[in-house]
>>> print(open('work_3.cif').read())   # mmCIF, N, CA and C atoms and all ligand atoms
data_work
#
loop_
_atom_site.label_atom_id
_atom_site.label_comp_id
_atom_site.auth_asym_id
_atom_site.auth_seq_id
_atom_site.Cartn_x
_atom_site.Cartn_y
_atom_site.Cartn_z
N MET A 1 170.74 84.13 247.91
CA MET A 1 169.62 83.29 247.50
C MET A 1 169.95 82.62 246.15
N THR A 2 169.75 81.32 246.06
CA THR A 2 170.03 80.66 244.79
C THR A 2 168.90 80.96 243.79
N LEU A 3 169.23 80.76 242.53
CA LEU A 3 168.22 80.94 241.46
C LEU A 3 166.96 80.12 241.78
N PHE A 4 167.16 78.90 242.24
CA PHE A 4 165.99 78.06 242.47
C PHE A 4 165.23 78.49 243.72
N GLU A 5 165.91 79.07 244.71
CA GLU A 5 165.17 79.64 245.84
C GLU A 5 164.28 80.79 245.36
N LYS A 6 164.76 81.54 244.38
CA LYS A 6 163.95 82.65 243.84
C LYS A 6 162.72 82.12 243.12
N ILE A 7 162.87 80.97 242.45
CA ILE A 7 161.70 80.34 241.80
C ILE A 7 160.73 79.85 242.88
N ILE A 8 161.26 79.22 243.93
CA ILE A 8 160.41 78.74 245.03
C ILE A 8 159.64 79.91 245.66
N ALA A 9 160.32 81.05 245.79
CA ALA A 9 159.71 82.24 246.41
C ALA A 9 158.84 83.02 245.43
N ARG A 10 158.74 82.54 244.19
CA ARG A 10 157.96 83.21 243.13
C ARG A 10 158.53 84.59 242.80
N GLU A 11 159.84 84.76 243.04
CA GLU A 11 160.48 86.03 242.67
C GLU A 11 160.83 86.04 241.20
N ILE A 12 161.08 84.86 240.63
CA ILE A 12 161.22 84.77 239.18
C ILE A 12 160.28 83.65 238.71
N PRO A 13 159.69 83.83 237.52
CA PRO A 13 158.67 82.89 237.07
C PRO A 13 159.25 81.57 236.58
N ALA A 14 158.43 80.54 236.69
CA ALA A 14 158.78 79.24 236.13
C ALA A 14 157.47 78.52 235.82
N ASP A 15 157.57 77.56 234.94
CA ASP A 15 156.40 76.76 234.56
C ASP A 15 156.35 75.57 235.53
N ILE A 16 155.67 75.80 236.65
CA ILE A 16 155.67 74.83 237.76
C ILE A 16 154.65 73.72 237.50
N VAL A 17 155.10 72.48 237.66
CA VAL A 17 154.21 71.33 237.44
C VAL A 17 153.85 70.61 238.74
N HIS A 18 154.59 70.89 239.81
CA HIS A 18 154.33 70.19 241.08
C HIS A 18 154.96 71.00 242.21
N GLU A 19 154.27 71.00 243.36
CA GLU A 19 154.86 71.58 244.58
C GLU A 19 154.27 70.86 245.78
N ASP A 20 155.11 70.59 246.75
CA ASP A 20 154.64 70.06 248.03
C ASP A 20 155.55 70.63 249.12
N ASP A 21 155.45 70.09 250.34
CA ASP A 21 156.21 70.65 251.45
C ASP A 21 157.72 70.52 251.27
N VAL A 22 158.13 69.52 250.49
CA VAL A 22 159.56 69.18 250.40
C VAL A 22 160.22 69.71 249.13
N CYS A 23 159.47 69.76 248.04
CA CYS A 23 160.11 70.10 246.76
C CYS A 23 159.18 70.86 245.83
N ILE A 24 159.80 71.37 244.78
CA ILE A 24 159.05 72.02 243.70
C ILE A 24 159.60 71.44 242.40
N ALA A 25 158.76 71.38 241.36
CA ALA A 25 159.21 70.87 240.06
C ALA A 25 158.68 71.78 238.97
N PHE A 26 159.54 72.04 237.99
CA PHE A 26 159.17 72.96 236.91
C PHE A 26 159.94 72.60 235.65
N HIS A 27 159.45 73.11 234.52
CA HIS A 27 160.10 72.86 233.23
C HIS A 27 161.44 73.58 233.17
N ASP A 28 162.46 72.89 232.66
CA ASP A 28 163.77 73.52 232.44
C ASP A 28 163.62 74.61 231.38
N ILE A 29 164.31 75.72 231.59
CA ILE A 29 164.21 76.86 230.67
C ILE A 29 164.89 76.55 229.32
N ALA A 30 165.81 75.61 229.32
CA ALA A 30 166.54 75.24 228.09
C ALA A 30 166.44 73.72 227.92
N PRO A 31 165.26 73.23 227.55
CA PRO A 31 165.05 71.77 227.56
C PRO A 31 165.97 71.02 226.61
N GLN A 32 166.52 69.92 227.12
CA GLN A 32 167.41 69.07 226.32
C GLN A 32 166.67 67.88 225.72
N ALA A 33 165.38 67.83 225.94
CA ALA A 33 164.52 66.77 225.39
C ALA A 33 163.10 67.34 225.42
N PRO A 34 162.15 66.70 224.69
CA PRO A 34 160.78 67.23 224.69
C PRO A 34 160.20 67.36 226.10
N ILE A 35 160.56 66.47 227.00
CA ILE A 35 160.20 66.61 228.42
C ILE A 35 161.50 66.80 229.20
N HIS A 36 161.59 67.91 229.92
CA HIS A 36 162.78 68.17 230.75
C HIS A 36 162.31 68.96 231.98
N ILE A 37 162.16 68.21 233.06
CA ILE A 37 161.63 68.77 234.31
C ILE A 37 162.76 68.78 235.35
N LEU A 38 162.81 69.83 236.15
CA LEU A 38 163.74 69.90 237.28
C LEU A 38 162.95 69.71 238.56
N ILE A 39 163.43 68.81 239.42
CA ILE A 39 162.80 68.58 240.72
C ILE A 39 163.78 69.08 241.77
N VAL A 40 163.36 70.05 242.56
CA VAL A 40 164.27 70.82 243.41
C VAL A 40 163.79 70.78 244.86
N PRO A 41 164.66 70.38 245.80
CA PRO A 41 164.24 70.42 247.20
C PRO A 41 164.14 71.85 247.70
N LYS A 42 163.20 72.10 248.60
CA LYS A 42 163.09 73.44 249.18
C LYS A 42 164.26 73.71 250.11
N LYS A 43 164.76 72.66 250.77
CA LYS A 43 165.97 72.82 251.57
C LYS A 43 167.15 73.00 250.62
N VAL A 44 167.98 73.98 250.88
CA VAL A 44 169.14 74.20 250.01
C VAL A 44 170.25 73.23 250.38
N ILE A 45 170.38 72.21 249.54
CA ILE A 45 171.52 71.29 249.58
C ILE A 45 172.30 71.65 248.31
N PRO A 46 173.54 72.11 248.41
CA PRO A 46 174.20 72.62 247.19
C PRO A 46 174.32 71.58 246.08
N ARG A 47 174.70 70.35 246.45
CA ARG A 47 174.87 69.32 245.42
C ARG A 47 174.80 67.95 246.08
N VAL A 48 174.55 66.92 245.27
CA VAL A 48 174.16 65.62 245.86
C VAL A 48 175.24 65.04 246.76
N GLY A 49 176.51 65.24 246.38
CA GLY A 49 177.59 64.67 247.18
C GLY A 49 177.76 65.34 248.53
N GLU A 50 177.07 66.45 248.73
CA GLU A 50 177.13 67.16 250.01
C GLU A 50 175.90 66.89 250.86
N ALA A 51 175.01 66.05 250.38
CA ALA A 51 173.85 65.66 251.19
C ALA A 51 174.34 64.79 252.34
N THR A 52 173.59 64.80 253.44
CA THR A 52 173.97 64.02 254.62
C THR A 52 172.85 63.02 254.94
N GLU A 53 173.13 62.19 255.94
CA GLU A 53 172.13 61.21 256.40
C GLU A 53 170.79 61.89 256.68
N GLU A 54 170.89 63.09 257.21
CA GLU A 54 169.69 63.86 257.57
C GLU A 54 168.82 64.15 256.34
N ASP A 55 169.43 64.12 255.15
CA ASP A 55 168.72 64.45 253.91
C ASP A 55 168.15 63.22 253.21
N GLN A 56 168.28 62.05 253.84
CA GLN A 56 167.89 60.80 253.18
C GLN A 56 166.45 60.82 252.66
N SER A 57 165.53 61.28 253.49
CA SER A 57 164.13 61.25 253.06
C SER A 57 163.89 62.28 251.95
N ILE A 58 164.61 63.38 251.97
CA ILE A 58 164.47 64.38 250.90
C ILE A 58 164.93 63.77 249.58
N LEU A 59 166.09 63.10 249.61
CA LEU A 59 166.61 62.50 248.38
C LEU A 59 165.63 61.47 247.82
N GLY A 60 165.09 60.64 248.69
CA GLY A 60 164.11 59.66 248.23
C GLY A 60 162.87 60.34 247.66
N HIS A 61 162.44 61.39 248.32
CA HIS A 61 161.25 62.11 247.87
C HIS A 61 161.44 62.69 246.47
N LEU A 62 162.64 63.18 246.17
CA LEU A 62 162.90 63.76 244.85
C LEU A 62 162.73 62.69 243.76
N LEU A 63 163.25 61.49 244.02
CA LEU A 63 163.14 60.42 243.01
C LEU A 63 161.70 59.95 242.86
N LEU A 64 161.01 59.82 243.98
CA LEU A 64 159.60 59.40 243.90
C LEU A 64 158.77 60.45 243.15
N THR A 65 159.08 61.71 243.40
CA THR A 65 158.35 62.78 242.72
C THR A 65 158.65 62.76 241.22
N ALA A 66 159.89 62.50 240.87
CA ALA A 66 160.23 62.40 239.44
C ALA A 66 159.40 61.30 238.78
N GLY A 67 159.25 60.17 239.46
CA GLY A 67 158.44 59.07 238.92
C GLY A 67 156.98 59.45 238.79
N GLN A 68 156.47 60.16 239.79
CA GLN A 68 155.06 60.59 239.74
C GLN A 68 154.83 61.55 238.57
N ILE A 69 155.74 62.47 238.37
CA ILE A 69 155.59 63.42 237.26
C ILE A 69 155.69 62.66 235.94
N ALA A 70 156.61 61.72 235.86
CA ALA A 70 156.72 60.89 234.64
C ALA A 70 155.40 60.16 234.38
N SER A 71 154.75 59.68 235.45
CA SER A 71 153.45 59.02 235.28
C SER A 71 152.43 60.00 234.72
N GLU A 72 152.39 61.19 235.31
CA GLU A 72 151.42 62.20 234.85
C GLU A 72 151.63 62.56 233.39
N LEU A 73 152.87 62.50 232.94
CA LEU A 73 153.19 62.86 231.56
C LEU A 73 153.16 61.65 230.62
N GLY A 74 152.80 60.48 231.17
CA GLY A 74 152.59 59.30 230.34
C GLY A 74 153.85 58.58 229.91
N VAL A 75 154.97 58.83 230.61
CA VAL A 75 156.23 58.20 230.20
C VAL A 75 156.78 57.23 231.24
N ASN A 76 156.03 57.01 232.33
CA ASN A 76 156.50 56.08 233.36
C ASN A 76 156.08 54.66 232.98
N ASN A 77 156.68 54.18 231.91
CA ASN A 77 156.42 52.83 231.41
C ASN A 77 157.65 52.42 230.59
N THR A 78 157.77 51.14 230.28
CA THR A 78 158.99 50.69 229.60
C THR A 78 158.96 51.04 228.11
N GLU A 79 157.78 51.26 227.55
CA GLU A 79 157.69 51.61 226.12
C GLU A 79 158.30 52.98 225.86
N LYS A 80 157.96 53.94 226.70
CA LYS A 80 158.50 55.29 226.56
C LYS A 80 159.72 55.44 227.48
N GLY A 81 159.50 55.59 228.75
CA GLY A 81 160.62 55.67 229.67
C GLY A 81 161.17 57.08 229.83
N PHE A 82 162.11 57.21 230.73
CA PHE A 82 162.68 58.52 231.05
C PHE A 82 164.04 58.33 231.68
N ARG A 83 164.75 59.42 231.84
CA ARG A 83 166.06 59.38 232.50
C ARG A 83 166.09 60.41 233.63
N ILE A 84 166.74 60.03 234.71
CA ILE A 84 166.97 60.94 235.83
C ILE A 84 168.47 61.21 235.87
N ALA A 85 168.84 62.49 236.01
CA ALA A 85 170.26 62.85 236.11
C ALA A 85 170.44 63.89 237.21
N ILE A 86 171.56 63.77 237.90
CA ILE A 86 171.95 64.77 238.90
C ILE A 86 173.40 65.13 238.61
N ASN A 87 173.66 66.38 238.34
CA ASN A 87 175.00 66.84 237.98
C ASN A 87 175.70 67.42 239.21
N HIS A 88 176.92 66.96 239.45
CA HIS A 88 177.69 67.45 240.61
C HIS A 88 179.02 68.01 240.10
N GLY A 89 179.24 69.30 240.31
CA GLY A 89 180.54 69.91 240.02
C GLY A 89 180.82 70.09 238.54
N LYS A 90 182.04 70.56 238.27
CA LYS A 90 182.41 70.94 236.90
C LYS A 90 182.30 69.78 235.93
N ASN A 91 182.93 68.66 236.24
CA ASN A 91 182.89 67.53 235.30
C ASN A 91 181.49 66.94 235.18
N GLY A 92 180.70 67.10 236.21
CA GLY A 92 179.33 66.60 236.16
C GLY A 92 178.40 67.49 235.37
N GLY A 93 178.83 68.74 235.09
CA GLY A 93 178.00 69.64 234.32
C GLY A 93 177.09 70.53 235.15
N GLU A 94 177.38 70.61 236.46
CA GLU A 94 176.54 71.45 237.33
C GLU A 94 176.71 72.93 237.00
N THR A 95 175.58 73.63 236.89
CA THR A 95 175.63 75.09 236.69
C THR A 95 174.88 75.85 237.78
N VAL A 96 173.96 75.21 238.46
CA VAL A 96 173.20 75.89 239.53
C VAL A 96 173.51 75.17 240.86
N PRO A 97 174.11 75.88 241.82
CA PRO A 97 174.53 75.23 243.08
C PRO A 97 173.39 75.07 244.08
N HIS A 98 172.35 74.39 243.65
CA HIS A 98 171.19 74.05 244.50
C HIS A 98 170.70 72.73 243.94
N LEU A 99 170.87 71.67 244.71
CA LEU A 99 170.56 70.31 244.24
C LEU A 99 169.27 70.26 243.43
N HIS A 100 169.33 69.55 242.32
CA HIS A 100 168.13 69.35 241.49
C HIS A 100 168.28 68.06 240.71
N VAL A 101 167.15 67.41 240.51
CA VAL A 101 167.08 66.19 239.71
C VAL A 101 166.50 66.58 238.35
N HIS A 102 167.21 66.19 237.28
CA HIS A 102 166.67 66.36 235.93
C HIS A 102 165.85 65.12 235.59
N MET A 103 164.66 65.30 235.05
CA MET A 103 163.88 64.19 234.51
C MET A 103 163.65 64.51 233.03
N LEU A 104 164.26 63.66 232.20
CA LEU A 104 164.22 63.89 230.74
C LEU A 104 163.49 62.75 230.05
N SER A 105 162.72 63.09 229.03
CA SER A 105 162.01 62.06 228.28
C SER A 105 161.50 62.67 226.97
N GLY A 106 160.81 61.84 226.20
CA GLY A 106 160.16 62.31 224.99
C GLY A 106 160.95 62.04 223.73
N ARG A 107 162.15 61.49 223.87
CA ARG A 107 162.94 61.06 222.72
C ARG A 107 163.92 59.99 223.22
N PRO A 108 164.46 59.17 222.32
CA PRO A 108 165.49 58.21 222.77
C PRO A 108 166.72 58.98 223.25
N LEU A 109 167.20 58.62 224.43
CA LEU A 109 168.37 59.29 225.01
C LEU A 109 169.57 58.36 224.87
N GLU A 110 170.67 58.92 224.42
CA GLU A 110 171.85 58.08 224.17
C GLU A 110 172.55 57.69 225.47
N TRP A 111 173.24 56.57 225.40
CA TRP A 111 174.09 56.13 226.50
C TRP A 111 175.37 55.58 225.93
N PRO A 112 176.56 55.96 226.36
CA PRO A 112 176.78 56.89 227.46
C PRO A 112 176.43 58.33 227.08
N PRO A 113 176.12 59.14 228.06
CA PRO A 113 175.81 60.56 227.79
C PRO A 113 177.07 61.28 227.33
N GLY A 114 176.91 62.38 226.65
CA GLY A 114 178.05 63.13 226.11
C GLY A 114 178.90 63.76 227.19
P1 LIG B 201 172.69 71.86 236.07
O1 LIG B 201 173.47 72.24 234.85
O2 LIG B 201 173.14 72.67 237.28
O3 LIG B 201 172.59 70.40 236.35
O4 LIG B 201 171.19 72.27 235.75
C1 LIG B 201 170.71 73.57 235.85
C2 LIG B 201 169.53 73.65 234.92
O5 LIG B 201 168.78 74.80 235.25
C3 LIG B 201 169.91 73.76 233.44
O6 LIG B 201 169.36 72.66 232.73
C4 LIG B 201 169.31 75.10 233.02
O7 LIG B 201 168.78 75.09 231.72
C5 LIG B 201 168.25 75.33 234.08
N1 LIG B 201 167.96 76.73 234.33
C6 LIG B 201 168.87 77.73 234.46
N2 LIG B 201 168.25 78.90 234.72
C7 LIG B 201 166.92 78.62 234.74
C8 LIG B 201 165.76 79.43 234.97
O8 LIG B 201 165.82 80.64 235.20
N3 LIG B 201 164.55 78.81 234.90
C9 LIG B 201 164.44 77.45 234.65
N4 LIG B 201 163.20 76.97 234.61
N5 LIG B 201 165.51 76.68 234.45
C10 LIG B 201 166.74 77.25 234.50
#
>>> encode(input="work_3.cif", output="structure tokens")
Amino acid sequence: MTLFEKIIAREIPADIVHEDDVCIAFHDIAPQAPIHILIVPKKVIPRVGEATEEDQSILGHLLLTAGQIASELGVNNTEKGFRIAINHGKNGGETVPHLHVHMLSGRPLEWPPG
């Protein structure tokens, strides 16, 4: 069972901000910005590059959910704004092998990322 499956199953606690049939979203335990939410599909897809055609609607749902949460937190506008990131593999910075979208906001984020 992945760490995020344990959060979905309520076996380990998390500060959950959203849940529906397809995904769950919660605050990152080590936030890299004042707002740092993880949006996680309930289906275990290890990482984005391993998603298939069959996962198309799940992938779209994760992005739409990130936008909805950004709206709820007052940052889905051009004045504030937010960033979405998905890390794949070692060079991408992946540490949990269960696909997740990071939604970061609340401070100016640099580009290119470190
Ligand atoms: P990755 O590095 O794989 O893209 O992202 C994994 C994220 O999960 C990291 O930002 C890390 O801080 C977060 N994380 C790791 N363990 C936990 C946990 O037990 N609870 C929560 N809420 N986040 C976690």
>>> atom_distance(input="work_3.cif", atom1="atom C of Ala33 (chain A)", atom2="atom N of Pro108 (chain A)")
8.8 Å
>>> axis_aligned_box(input="work_3.cif", around="ligand LIG 201 (chain B)", padding_each_side="5 Å", output="AutoDock Vina command-line options")
--center_x 168.3 --center_y 75.5 --center_z 234.5 --size_x 20.3 --size_y 20.2 --size_z 15.6
>>> residues_near_ligand(input="work_3.cif", ligand="ligand LIG 201 (chain B)", cutoff="8 Å", atoms="only C-alpha atoms and all ligand atoms", output="PyMOL selection string")
chain A and resi 3-4+7+12-15+26-32+38+85-88+92-102
>>> select_by_dssp(input="work_3.cif", residues="region 68-104 of chain A", states="strand (DSSP E or B)", output="PyMOL selection string")
chain A and resi 83-85+101-104
>>> atom_distance(input="work_3.cif", atom1="atom C of Gly81 (chain A)", atom2="atom C of Ile39 (chain A)")
17.1 Å
>>> closest_residue(input="work_3.cif", among="A:Asn76, A:Lys6, A:Lys43, A:Pro34", to="Val22 (chain A)", atoms="only N, CA and C atoms")
A:Lys43
>>> select_by_dssp(input="work_3.cif", residues="chain A", states="helix (DSSP H, G or I)", output="ChimeraX atom specification")
/A:3-8,48-50,53-72,89-92
>>> atom_distance(input="work_3.cif", atom1="CA of Ile16 (chain A)", atom2="CA of Ser71 (chain A)")
16.2 Å
>>> residues_around(input="work_3.cif", residues="Gly60 (chain A)", least_positions_apart="4", cutoff="12 Å", atoms="only C-alpha atoms", output="count of residues only")
15
>>> residues_around(input="work_3.cif", residues="Ile24 (chain A)", least_positions_apart="4", cutoff="5 Å", atoms="only N, CA and C atoms", output="PyMOL selection string")
chain A and resi 18-19+39-40
>>> residues_around(input="work_3.cif", residues="Leu109 (chain A)", least_positions_apart="4", cutoff="8 Å", atoms="all atoms listed in the file", output="compact mmCIF listing (two decimals) with N, CA and C atoms, keeping the file's coordinate frame")
# COMPACT_ATOMS: atom_id res chain seq x y z
N PHE A 82 162.11 57.21 230.73
CA PHE A 82 162.68 58.52 231.05
C PHE A 82 164.04 58.33 231.68
N ARG A 83 164.75 59.42 231.84
CA ARG A 83 166.06 59.38 232.50
C ARG A 83 166.09 60.41 233.63
N LEU A 104 164.26 63.66 232.20
CA LEU A 104 164.22 63.89 230.74
C LEU A 104 163.49 62.75 230.05
N SER A 105 162.72 63.09 229.03
CA SER A 105 162.01 62.06 228.28
C SER A 105 161.50 62.67 226.97
N PRO A 113 176.12 59.14 228.06
CA PRO A 113 175.81 60.56 227.79
C PRO A 113 177.07 61.28 227.33
>>> decode(input="work_3.cif", residues="region 44-62 of chain A", atoms="C-alpha atoms", output="CSV table (one decimal), in the first residue's frame")
chain,number,residue,atom,x,y,z
A,44,VAL,CA,-2.8,4.0,-8.1
A,45,ILE,CA,-0.9,5.3,-11.1
A,46,PRO,CA,2.7,5.3,-10.0
A,47,ARG,CA,3.8,8.4,-11.9
A,48,VAL,CA,2.5,10.6,-14.7
A,49,GLY,CA,4.6,9.1,-17.5
A,50,GLU,CA,3.1,5.7,-16.8
A,51,ALA,CA,-0.5,6.9,-17.2
A,52,THR,CA,-2.4,5.4,-20.1
A,53,GLU,CA,-5.2,6.5,-22.4
A,54,GLU,CA,-7.5,4.9,-20.0
A,55,ASP,CA,-6.4,7.4,-17.3
A,56,GLN,CA,-7.2,10.5,-19.5
A,57,SER,CA,-10.2,11.6,-17.5
A,58,ILE,CA,-8.5,11.1,-14.2
A,59,LEU,CA,-5.6,13.3,-15.3
A,60,GLY,CA,-8.0,16.0,-16.4
A,61,HIS,CA,-9.9,15.7,-13.2
A,62,LEU,CA,-6.8,16.3,-11.1
